[in-house]
Amino acid sequence: MKLLRYMHQDRVRIGALREQAAVDLGDIAGGADMLNLIANWDSLKTEAGRHAASAPSTPLSELRLLAPVARPGKIFAIGLNYADHIAESGLPAPKHQVWFSKSVTCVNGPYDPIELPLASSSLDYEVELVAVIGRRAKHVPVERARDVVFGFCAGNDVSVRDWQLNTSQWVLGKSFDTHAPIGPWIVTADELGDPHCLELTCSINGEVRQHSNTQHMVFNVFDQIAHLSRAMTLEPGDLIFTGTPGGVGAVMKPPVFLKTGDRVRVEIEGIGFIENTVALERAPETT
């Protein structure tokens, strides 16, 4: 099933995708809280499936898609997880998984603008498969890690490179507002199937910059979940950005960073695409 958050008639709703339309699941889920739906999915999915198949729907053209998870408890992202990206970065292959966090305030809608920040012009893109956690989990063995995944969406780990590389800690450069667009919906894990055989692409103004397959991950999705869960409790709605392949703008010669007006399209097989236009961050109003 494909589950989405959207705005319709001035109300935020959650629903299921049926063809090119949304079926409101608010009555099933007890409101418009995607985190609640995820946490209670085991008891709700059968009824939600029946409702999605038969209830009235609203065409996507009449609504605005929102980030499927508005306020995740945690966002973690793995760095240097595709061999070609490691090579282009000029860094040694990591012996251990390299993790950083992204602020939850950088979550952005699948078709909303990405801000070119006032603080930097070194704005870059990174196509990533995003795993959505479905249940509380700690010390999960690799062979059971798939059981804690609720589903997947497409994501762009937008990066402000100078801020990222000014120090050994990447958090600030990865956490600017609007710099985690995700969506366009969550594809449940049972529908997507194996997450390690999916083509993923990022194009800028129609020019393909990144094109790879998730089979080329150094540490696969389940390795990542098992490793993270040794350190912390994973909770429903947590997001895991699973790494980006080669082709980022920072390593082009000379570097080519995003500028205002650029259209950044991220697409993943079996999920769909998100597309965001770069817009200059508005200066804060003074009083």
# chains A, B, ... in the order shown; residues from 1 in each chain; ligands from 1
$ closest_atom_pairs --of "range 77-176 of chain A" --to "range 206-216 of chain A" --cutoff "9 Å" --atoms "only C-alpha atoms" --output "tab-separated table"
residue	atom	partner	partner_atom	distance
A:Asn81	CA	A:His216	CA	8.4
A:Tyr82	CA	A:His216	CA	6.0
A:Ala83	CA	A:His216	CA	7.3
A:Asp84	CA	A:His216	CA	8.9
A:Glu126	CA	A:Gln210	CA	8.2
A:Val127	CA	A:Gln210	CA	7.5
A:Leu129	CA	A:Thr214	CA	8.0
$ select_by_dssp --residues "range 23-156 of chain A" --states "strand (DSSP E)" --output "count of residues only"
38
$ select_by_dssp --residues "range 68-228 of chain A" --states "alpha helix (DSSP H)" --output "PyMOL selection string"
chain A and resi 83-89+161-165+189-192+221-228
$ residues_around --residues "range 177-190 of chain A" --least-positions-apart "3" --cutoff "8 Å" --atoms "only C-alpha atoms" --output "PyMOL selection string"
chain A and resi 1-5+65-68+105-115+130+132+149-159+174+193+271-274+276
$ write_last_selection --atoms "N, CA and C atoms" --output "short mmCIF file (atom, residue, chain, number, x, y, z; two decimals), in the first residue's frame"
data_model
loop_
_atom_site.label_atom_id
_atom_site.label_comp_id
_atom_site.auth_asym_id
_atom_site.auth_seq_id
_atom_site.Cartn_x
_atom_site.Cartn_y
_atom_site.Cartn_z
N MET A 1 0.85 -1.18 0.00
CA MET A 1 0.00 0.00 0.00
C MET A 1 0.89 1.24 0.00
N LYS A 2 0.40 2.28 -0.61
CA LYS A 2 1.10 3.57 -0.61
C LYS A 2 0.31 4.53 0.26
N LEU A 3 0.96 5.07 1.28
CA LEU A 3 0.31 5.94 2.27
C LEU A 3 0.87 7.34 2.18
N LEU A 4 -0.01 8.34 2.26
CA LEU A 4 0.42 9.71 2.03
C LEU A 4 -0.25 10.68 2.99
N ARG A 5 0.42 11.81 3.19
CA ARG A 5 -0.15 12.95 3.88
C ARG A 5 -0.41 14.03 2.85
N LEU A 65 0.43 17.36 -1.88
CA LEU A 65 1.11 16.33 -1.11
C LEU A 65 2.08 16.97 -0.12
N LEU A 66 2.11 16.41 1.08
CA LEU A 66 2.99 16.86 2.16
C LEU A 66 4.01 15.76 2.46
N ALA A 67 5.02 16.10 3.23
CA ALA A 67 5.95 15.06 3.69
C ALA A 67 5.15 13.98 4.40
N PRO A 68 5.33 12.70 4.04
CA PRO A 68 4.50 11.65 4.65
C PRO A 68 4.67 11.53 6.15
N THR A 105 13.61 19.50 11.84
CA THR A 105 13.06 20.72 11.24
C THR A 105 13.45 20.88 9.77
N CYS A 106 14.29 19.98 9.25
CA CYS A 106 14.62 20.09 7.83
C CYS A 106 13.70 19.26 6.95
N VAL A 107 12.75 18.53 7.54
CA VAL A 107 11.79 17.75 6.75
C VAL A 107 11.01 18.69 5.83
N ASN A 108 10.82 18.25 4.60
CA ASN A 108 10.19 19.09 3.58
C ASN A 108 9.28 18.24 2.71
N GLY A 109 8.31 18.88 2.10
CA GLY A 109 7.37 18.18 1.25
C GLY A 109 7.99 17.71 -0.06
N PRO A 110 7.36 16.75 -0.72
CA PRO A 110 7.94 16.17 -1.93
C PRO A 110 8.02 17.11 -3.11
N TYR A 111 7.22 18.18 -3.11
CA TYR A 111 7.23 19.12 -4.23
C TYR A 111 7.36 20.57 -3.77
N ASP A 112 7.82 20.75 -2.53
CA ASP A 112 7.99 22.09 -1.99
C ASP A 112 9.40 22.61 -2.28
N PRO A 113 9.61 23.93 -2.24
CA PRO A 113 10.93 24.48 -2.56
C PRO A 113 12.01 24.07 -1.57
N ILE A 114 13.22 23.92 -2.10
CA ILE A 114 14.42 23.77 -1.29
C ILE A 114 15.06 25.16 -1.19
N GLU A 115 15.44 25.54 0.02
CA GLU A 115 16.02 26.87 0.19
C GLU A 115 17.52 26.88 -0.11
N VAL A 130 14.92 6.09 1.58
CA VAL A 130 14.66 6.38 2.99
C VAL A 130 13.81 5.27 3.58
N VAL A 132 11.53 3.85 6.66
CA VAL A 132 10.67 4.35 7.73
C VAL A 132 10.48 3.22 8.74
N VAL A 149 10.87 -2.59 9.70
CA VAL A 149 10.71 -1.57 8.66
C VAL A 149 9.24 -1.48 8.28
N PHE A 150 8.70 -0.29 8.39
CA PHE A 150 7.32 -0.07 7.97
C PHE A 150 7.22 0.09 6.46
N GLY A 151 8.13 0.87 5.90
CA GLY A 151 8.08 1.12 4.46
C GLY A 151 9.23 2.00 4.02
N PHE A 152 9.11 2.52 2.80
CA PHE A 152 10.19 3.28 2.19
C PHE A 152 9.63 4.46 1.41
N CYS A 153 10.42 5.50 1.30
CA CYS A 153 10.09 6.63 0.44
C CYS A 153 11.36 7.14 -0.21
N ALA A 154 11.20 8.06 -1.14
CA ALA A 154 12.35 8.70 -1.77
C ALA A 154 12.74 9.91 -0.95
N GLY A 155 14.03 10.20 -0.92
CA GLY A 155 14.50 11.35 -0.16
C GLY A 155 15.69 12.01 -0.83
N ASN A 156 15.90 13.27 -0.48
CA ASN A 156 17.05 14.04 -0.95
C ASN A 156 17.77 14.56 0.28
N ASP A 157 18.98 14.04 0.52
CA ASP A 157 19.79 14.50 1.64
C ASP A 157 20.52 15.77 1.19
N VAL A 158 19.78 16.85 1.10
CA VAL A 158 20.34 18.12 0.65
C VAL A 158 21.45 18.54 1.62
N SER A 159 22.57 19.01 1.06
CA SER A 159 23.76 19.25 1.86
C SER A 159 24.35 20.62 1.55
N LYS A 174 24.04 19.38 7.24
CA LYS A 174 22.99 18.48 6.75
C LYS A 174 21.61 18.83 7.30
N GLY A 193 8.82 -4.92 -1.49
CA GLY A 193 9.66 -6.11 -1.62
C GLY A 193 11.11 -5.82 -1.26
N ILE A 271 8.81 3.30 -6.13
CA ILE A 271 8.30 4.31 -5.20
C ILE A 271 7.71 5.49 -5.95
N GLY A 272 8.48 6.12 -6.79
CA GLY A 272 8.04 7.31 -7.52
C GLY A 272 9.09 8.39 -7.41
N PHE A 273 8.67 9.63 -7.63
CA PHE A 273 9.64 10.72 -7.63
C PHE A 273 9.17 11.88 -6.76
N ILE A 274 10.17 12.64 -6.30
CA ILE A 274 9.92 13.94 -5.70
C ILE A 274 10.66 14.96 -6.55
N ASN A 276 11.82 19.17 -6.42
CA ASN A 276 11.86 20.41 -5.65
C ASN A 276 12.63 21.47 -6.41
#
$ atom_distance --atom1 "CA of Asn166 in chain A" --atom2 "CA of Ala119 in chain A"
13.3 Å
